[in-house]
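J.: What follows is query25.txt, made up of compact mmCIF, C-alpha atoms:
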# COMPACT_ATOMS: atom_id res chain seq x y z
CA MET J 1 10.51 -236.17 231.68
CA ARG J 2 10.73 -235.98 235.47
CA GLU J 3 7.67 -238.19 235.80
CA LEU J 4 9.26 -240.72 233.44
CA ASN J 5 12.45 -240.74 235.54
CA ARG J 6 10.44 -241.28 238.70
CA GLU J 7 8.53 -244.14 237.06
CA LEU J 8 11.73 -245.83 235.90
CA ARG J 9 13.27 -245.54 239.37
CA ALA J 10 10.12 -246.88 240.99
CA ARG J 11 10.22 -249.94 238.73
CA GLY J 12 13.93 -250.45 239.21
CA VAL J 13 14.68 -249.99 235.51
CA THR J 14 18.30 -249.24 234.64
CA VAL J 15 19.66 -248.41 231.18
CA GLU J 16 22.90 -250.30 230.56
CA ARG J 17 23.40 -249.32 226.93
CA PHE J 18 21.71 -247.48 224.11
CA VAL J 19 22.36 -246.88 220.43
CA ARG J 20 22.16 -243.44 218.92
CA VAL J 21 20.77 -243.56 215.37
CA ALA J 22 21.61 -240.76 212.88
CA CYS J 23 21.50 -238.22 215.70
CA PRO J 24 22.37 -234.59 214.79
CA ALA J 25 24.59 -234.34 217.87
CA ARG J 26 26.59 -231.49 216.33
CA GLY J 27 23.53 -230.08 214.58
CA THR J 28 22.59 -230.37 210.94
CA THR J 29 23.38 -228.03 208.08
CA LEU J 30 19.76 -228.40 206.99
CA ALA J 31 18.80 -226.19 209.95
CA SER J 32 21.67 -223.74 209.48
CA GLY J 33 21.94 -220.49 207.54
CA ARG J 34 22.39 -222.53 204.39
CA LEU J 35 18.69 -223.34 204.56
CA ASP J 36 18.10 -219.87 203.12
CA ARG J 37 20.09 -220.75 200.00
CA TRP J 38 18.46 -224.19 199.72
CA ALA J 39 14.99 -222.68 199.88
CA SER J 40 15.98 -220.08 197.30
CA VAL J 41 17.26 -222.76 194.91
CA MET J 42 14.13 -224.87 195.35
CA LEU J 43 11.84 -221.92 194.70
CA ASN J 44 13.84 -220.93 191.63
CA LEU J 45 13.65 -224.46 190.26
CA LEU J 46 9.91 -224.60 190.83
CA GLY J 47 9.56 -221.13 189.38
CA ALA J 48 11.09 -222.47 186.18
CA GLY J 49 7.65 -223.91 185.47
CA PHE J 50 6.50 -220.42 184.53
CA ASP J 51 7.43 -218.54 181.38
CA ALA J 52 8.67 -214.95 181.25
CA THR J 53 5.12 -213.58 181.38
CA GLY J 54 4.22 -215.61 184.47
CA ASN J 55 2.03 -218.08 182.63
CA VAL J 56 2.26 -221.78 183.42
CA ILE J 57 4.25 -223.83 180.91
CA PRO J 58 2.00 -226.58 179.48
CA GLY J 59 2.34 -229.84 181.39
CA LEU J 60 3.49 -228.15 184.61
CA GLN J 61 0.07 -227.12 185.96
CA PRO J 62 0.34 -229.43 189.03
CA VAL J 63 3.65 -227.81 189.96
CA ALA J 64 2.21 -224.34 189.54
CA ARG J 65 -0.79 -225.10 191.78
CA GLY J 66 1.44 -226.08 194.67
CA TYR J 67 4.06 -223.39 194.06
CA ASP J 68 2.46 -220.61 196.10
CA LEU J 69 1.73 -222.96 199.01
CA LEU J 70 5.28 -224.34 199.06
CA LYS J 71 6.76 -220.88 198.64
CA ASN J 72 4.86 -219.53 201.63
CA PHE J 73 5.77 -222.59 203.71
CA LEU J 74 9.51 -222.39 202.91
CA LEU J 75 9.63 -218.66 203.51
CA ALA J 76 7.90 -219.13 206.88
CA VAL J 77 10.34 -221.86 207.91
CA VAL J 78 13.35 -219.75 206.90
CA ARG J 79 11.96 -216.74 208.75
CA GLU J 80 11.00 -218.54 211.96
CA ARG J 81 13.53 -221.38 212.28
CA THR J 82 15.69 -219.50 214.80
CA ASP J 83 12.76 -218.81 217.14
CA ALA J 84 12.66 -221.63 219.71
CA ARG J 85 9.12 -220.60 220.70
CA ILE J 86 7.80 -221.38 217.21
CA LEU J 87 10.03 -224.17 215.87
CA PRO J 88 11.89 -225.50 218.94
CA GLY J 89 12.97 -228.76 217.27
CA LEU J 90 14.45 -227.03 214.25
CA GLU J 91 16.15 -224.32 216.29
CA ALA J 92 17.71 -226.97 218.57
CA MET J 93 19.34 -228.67 215.57
CA MET J 94 21.09 -225.56 214.31
CA PRO J 95 24.88 -226.17 214.58
CA ASP J 96 25.30 -223.00 216.66
CA SER J 97 22.27 -223.54 218.92
CA PRO J 98 22.66 -223.50 222.72
CA LEU J 99 21.58 -227.17 222.93
CA VAL J 100 24.25 -228.32 220.47
CA GLY J 101 26.82 -226.30 222.41
CA LEU J 102 25.71 -227.96 225.66
CA LEU J 103 25.85 -231.47 224.17
CA ASN J 104 29.40 -230.87 222.91
CA ALA J 105 30.80 -229.06 225.94
CA PRO J 106 34.56 -229.80 226.02
CA ASP J 107 34.71 -230.18 229.82
CA VAL J 108 32.13 -233.00 229.96
CA ASN J 109 33.35 -236.60 230.16
CA VAL J 110 30.87 -239.50 230.29
CA GLU J 111 31.94 -242.87 231.67
CA HIS J 112 29.66 -245.15 229.69
CA PRO J 113 30.39 -246.09 226.05
CA LEU J 114 28.27 -244.93 223.16
CA HIS J 115 27.06 -246.89 220.14
CA VAL J 116 26.34 -244.89 216.99
CA LEU J 117 24.66 -245.82 213.73
CA ALA J 118 25.89 -243.34 211.11
CA GLY J 119 24.86 -243.30 207.45
CA ASP J 120 26.04 -241.78 204.20
CA PHE J 121 23.81 -241.72 201.13
CA GLN J 122 25.74 -242.68 197.99
CA GLY J 123 23.90 -242.30 194.70
CA ASP J 124 23.69 -245.27 192.34
CA GLY J 125 23.18 -244.16 188.73
CA LEU J 126 23.57 -240.76 187.10
CA LEU J 127 20.69 -238.81 188.67
CA PRO J 128 21.11 -240.22 192.21
CA TRP J 129 24.87 -239.62 191.91
CA LEU J 130 24.25 -236.01 190.92
CA GLY J 131 21.84 -235.69 193.84
CA ASP J 132 24.50 -237.07 196.15
CA CYS J 133 27.03 -234.57 194.84
CA VAL J 134 24.63 -231.66 195.28
CA SER J 135 23.73 -232.73 198.82
CA GLU J 136 27.39 -233.02 199.84
CA VAL J 137 28.12 -229.58 198.40
CA PHE J 138 25.19 -228.18 200.40
CA TYR J 139 26.06 -229.99 203.63
CA GLY J 140 29.83 -229.66 203.23
CA SER J 141 30.32 -233.33 204.10
CA GLU J 142 28.79 -236.79 203.81
CA THR J 143 25.11 -236.92 204.71
CA ASP J 144 22.08 -239.19 204.88
CA LEU J 145 20.20 -236.32 203.16
CA VAL J 146 19.01 -234.89 206.48
CA VAL J 147 21.94 -235.02 208.94
CA ASN J 148 25.65 -234.54 208.34
CA THR J 149 27.34 -237.93 208.84
CA PRO J 150 30.22 -236.51 210.96
CA SER J 151 27.66 -234.85 213.24
CA MET J 152 26.25 -238.25 214.21
CA SER J 153 29.30 -239.15 216.30
CA GLY J 154 29.36 -235.83 218.16
CA GLY J 155 28.54 -235.15 221.77
CA ALA J 156 30.39 -235.42 225.05
CA GLN J 157 33.72 -237.20 225.38
CA ARG J 158 33.41 -240.87 226.35
CA GLU J 159 35.94 -242.46 228.69
CA ARG J 160 35.30 -245.86 227.10
CA GLY J 161 35.09 -244.49 223.58
CA ILE J 162 32.53 -244.33 220.80
CA LEU J 163 31.63 -247.46 218.85
CA GLN J 164 30.25 -246.71 215.40
CA LYS J 165 28.58 -248.73 212.69
CA TYR J 166 29.10 -246.88 209.39
CA LEU J 167 26.54 -247.47 206.66
CA ALA J 168 26.78 -246.29 203.06
CA GLY J 169 24.86 -246.87 199.85
CA PRO J 170 21.94 -245.75 197.68
CA GLU J 171 19.33 -246.93 200.20
CA VAL J 172 20.95 -245.29 203.22
CA VAL J 173 18.78 -242.26 203.90
CA HIS J 174 17.62 -240.70 207.13
CA PHE J 175 14.30 -242.54 207.16
CA SER J 176 15.60 -246.03 206.35
CA TYR J 177 17.60 -247.09 209.42
CA PHE J 178 14.83 -249.02 211.18
CA ARG J 179 13.48 -250.80 208.10
CA ARG J 180 16.76 -252.05 206.60
CA ASP J 181 18.27 -255.26 208.01
CA GLU J 182 21.84 -253.95 207.79
CA SER J 183 21.14 -251.21 210.31
CA ALA J 184 18.22 -252.68 212.29
CA LEU J 185 20.07 -255.94 213.06
CA ALA J 186 23.21 -254.02 214.04
CA LEU J 187 21.06 -251.95 216.40
CA LEU J 188 19.57 -255.03 218.05
CA ALA J 189 23.00 -256.69 218.29
CA ALA J 190 24.47 -253.70 220.11
CA LEU J 191 21.58 -253.62 222.57
CA ALA J 192 22.19 -257.34 223.23
CA GLY J 193 25.88 -256.73 223.94
CA ASP J 194 27.39 -257.74 220.59
CA ASP J 195 29.79 -255.04 219.36
CA SER J 196 31.30 -257.05 216.50
CA ASP J 197 29.73 -254.84 213.82
CA TYR J 198 31.08 -251.66 215.36
CA GLN J 199 34.45 -249.93 215.12
CA ARG J 200 35.93 -247.79 217.86
CA LEU J 201 36.47 -244.19 216.77
CA GLU J 202 39.69 -242.39 217.59
Can the structure from this file be put into structure tokens for me?
T.:
Amino acid sequence: MRELNRELRARGVTVERFVRVACPARGTTLASGRLDRWASVMLNLLGAGFDATGNVIPGLQPVARGYDLLKNFLLAVVRERTDARILPGLEAMMPDSPLVGLLNAPDVNVEHPLHVLAGDFQGDGLLPWLGDCVSEVFYGSETDLVVNTPSMSGGAQRERGILQKYLAGPEVVHFSYFRRDESALALLAALAGDDSDYQRLE
């Protein structure tokens, strides 16, 4: 990072504005203690592919083959997620992590404005709607299925405010921001100095 800063200074590059996209600035519930319950539910659902004697229910052999592998993976993630030496990225996104506390320090005030793209998945149809409901119960708020929507506008106080573009719909998921015109064009517009798609947050 220091070398990058030196290179930017040497070239005379200055950053006038940037757009934060679906950033877990206040952390994400997915990396919190609720991950334990989520993993437990997933393993129980997958375990439903076995009958009372432990035999695979006909038609669910592919699920059974991957069950042990997924089980071991999920248990390892749950066990190690708080160890920054093993999973530093996941630990940093825990709502009570030191990094999240630093990013949201109440005595920090940044002069420059901030542009935020924030998304909320909204299911269209019965099964996606049920999935949306389950995800919001798990996260405790709106979400793009990976990051809590309210977390995306977190961070230090901004003297010139936070400008946010709020996106919602069945295609708004954490991995869709850069491939959907609604969000990608709003991102490019903000970088070019056009804030017309953004609303200032209180």
J.: Measuring atom to atom with all atoms listed in the file, identify which of J:Gly154, J:Asp120, J:Glu91, J:Glu159 is nearest to Tyr139 of chain J.
T.: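 Among the listed residues, J:Asp120 lies closest to Tyr139 of chain J.
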J.: At what distance in Å, to one decimal, does atom CA of Tyr166 of chain J lie from atom CA of Thr149 of chain J?
T.: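 Distance reported for this atom pair: 9.1 Å.
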J.: From the options J:Ser141, J:Asn104, J:Gln122, J:Thr14, which residue's atoms come nearest to Gly155 of chain J, counting only C-alpha atoms?
T.: J:Asn104
J.: Counting all atoms listed in the file, which residue out of J:Val146, J:Leu4, J:Val13, J:Leu187 sits closest to Leu90 of chain J?
T.: J:Val146
J.: Kindly give the distance, in Å, that separates atom CA of Thr29 of chain J and atom CA of Pro95 of chain J, rounded to a single decimal.
T.: 6.9 Å
J.: Please indicate the distance in Å from atom CA of Met94 of chain J to atom CA of Gly27 of chain J, rounded to one decimal place.
T.: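 Going from atom CA of Met94 of chain J over to atom CA of Gly27 of chain J, I get 5.1 Å.
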J.: With all atoms listed in the file as the basis for distance, which of J:Gln157, J:Ser196, J:Ser176, J:Thr143 is at the shortest distance from Leu30 of chain J?
T.: J:Thr143
J.: Which polymer residues have any atom within 8 Å of an atom of Tyr198 of chain J, counting all atoms listed in the file, with same-chain residues fewer than 5 positions away left out, as a short mmCIF file (atom, residue, chain, number, x, y, z; two decimals) with C-alpha atoms, in the coordinates of the input?
T.:
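Output file around-v2.cif follows:
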data_model
loop_
_atom_site.label_atom_id
_atom_site.label_comp_id
_atom_site.auth_asym_id
_atom_site.auth_seq_id
_atom_site.Cartn_x
_atom_site.Cartn_y
_atom_site.Cartn_z
CA HIS J 115 27.06 -246.89 220.14
CA LEU J 163 31.63 -247.46 218.85
CA GLN J 164 30.25 -246.71 215.40
CA LYS J 165 28.58 -248.73 212.69
CA TYR J 166 29.10 -246.88 209.39
#
J.: Produce the centre coordinates and the three edge lengths, each in Å to one decimal, of the box along x, y and z that contains all listed atoms of segment 145-164 of chain J with 6 Å added on each side, as JSON.
T.:
{"center_x": 27.5, "center_y": -241.0, "center_z": 215.9, "size_x": 28.9, "size_y": 24.9, "size_z": 37.5}
J.: Need the shell around Pro170 of chain J: protein/DNA/RNA residues with any atom at most 8 Å away, counting all atoms listed in the file. Skip same-chain ones fewer than 6 positions apart. Format as a list in words?
T.: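 So, after excluding close chain neighbours, the residues are Phe121, Gln122, Gly123, Asp124 and Pro128 of chain J.
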J.: So, with all atoms listed in the file as the atoms that count, which of J:Gly169, J:Gly12, J:Gly161, J:Pro98 lies closest to Val116 of chain J?
T.: J:Gly161
J.: Give me the residues near Arg158 of chain J as a PyMOL selection string, where near means some atom within 12 Å (using all atoms listed in the file) and where sequence neighbours in that chain fewer than 2 positions away do not count.
T.: chain J and resi 104+106-115+153-156+160-163+200-202
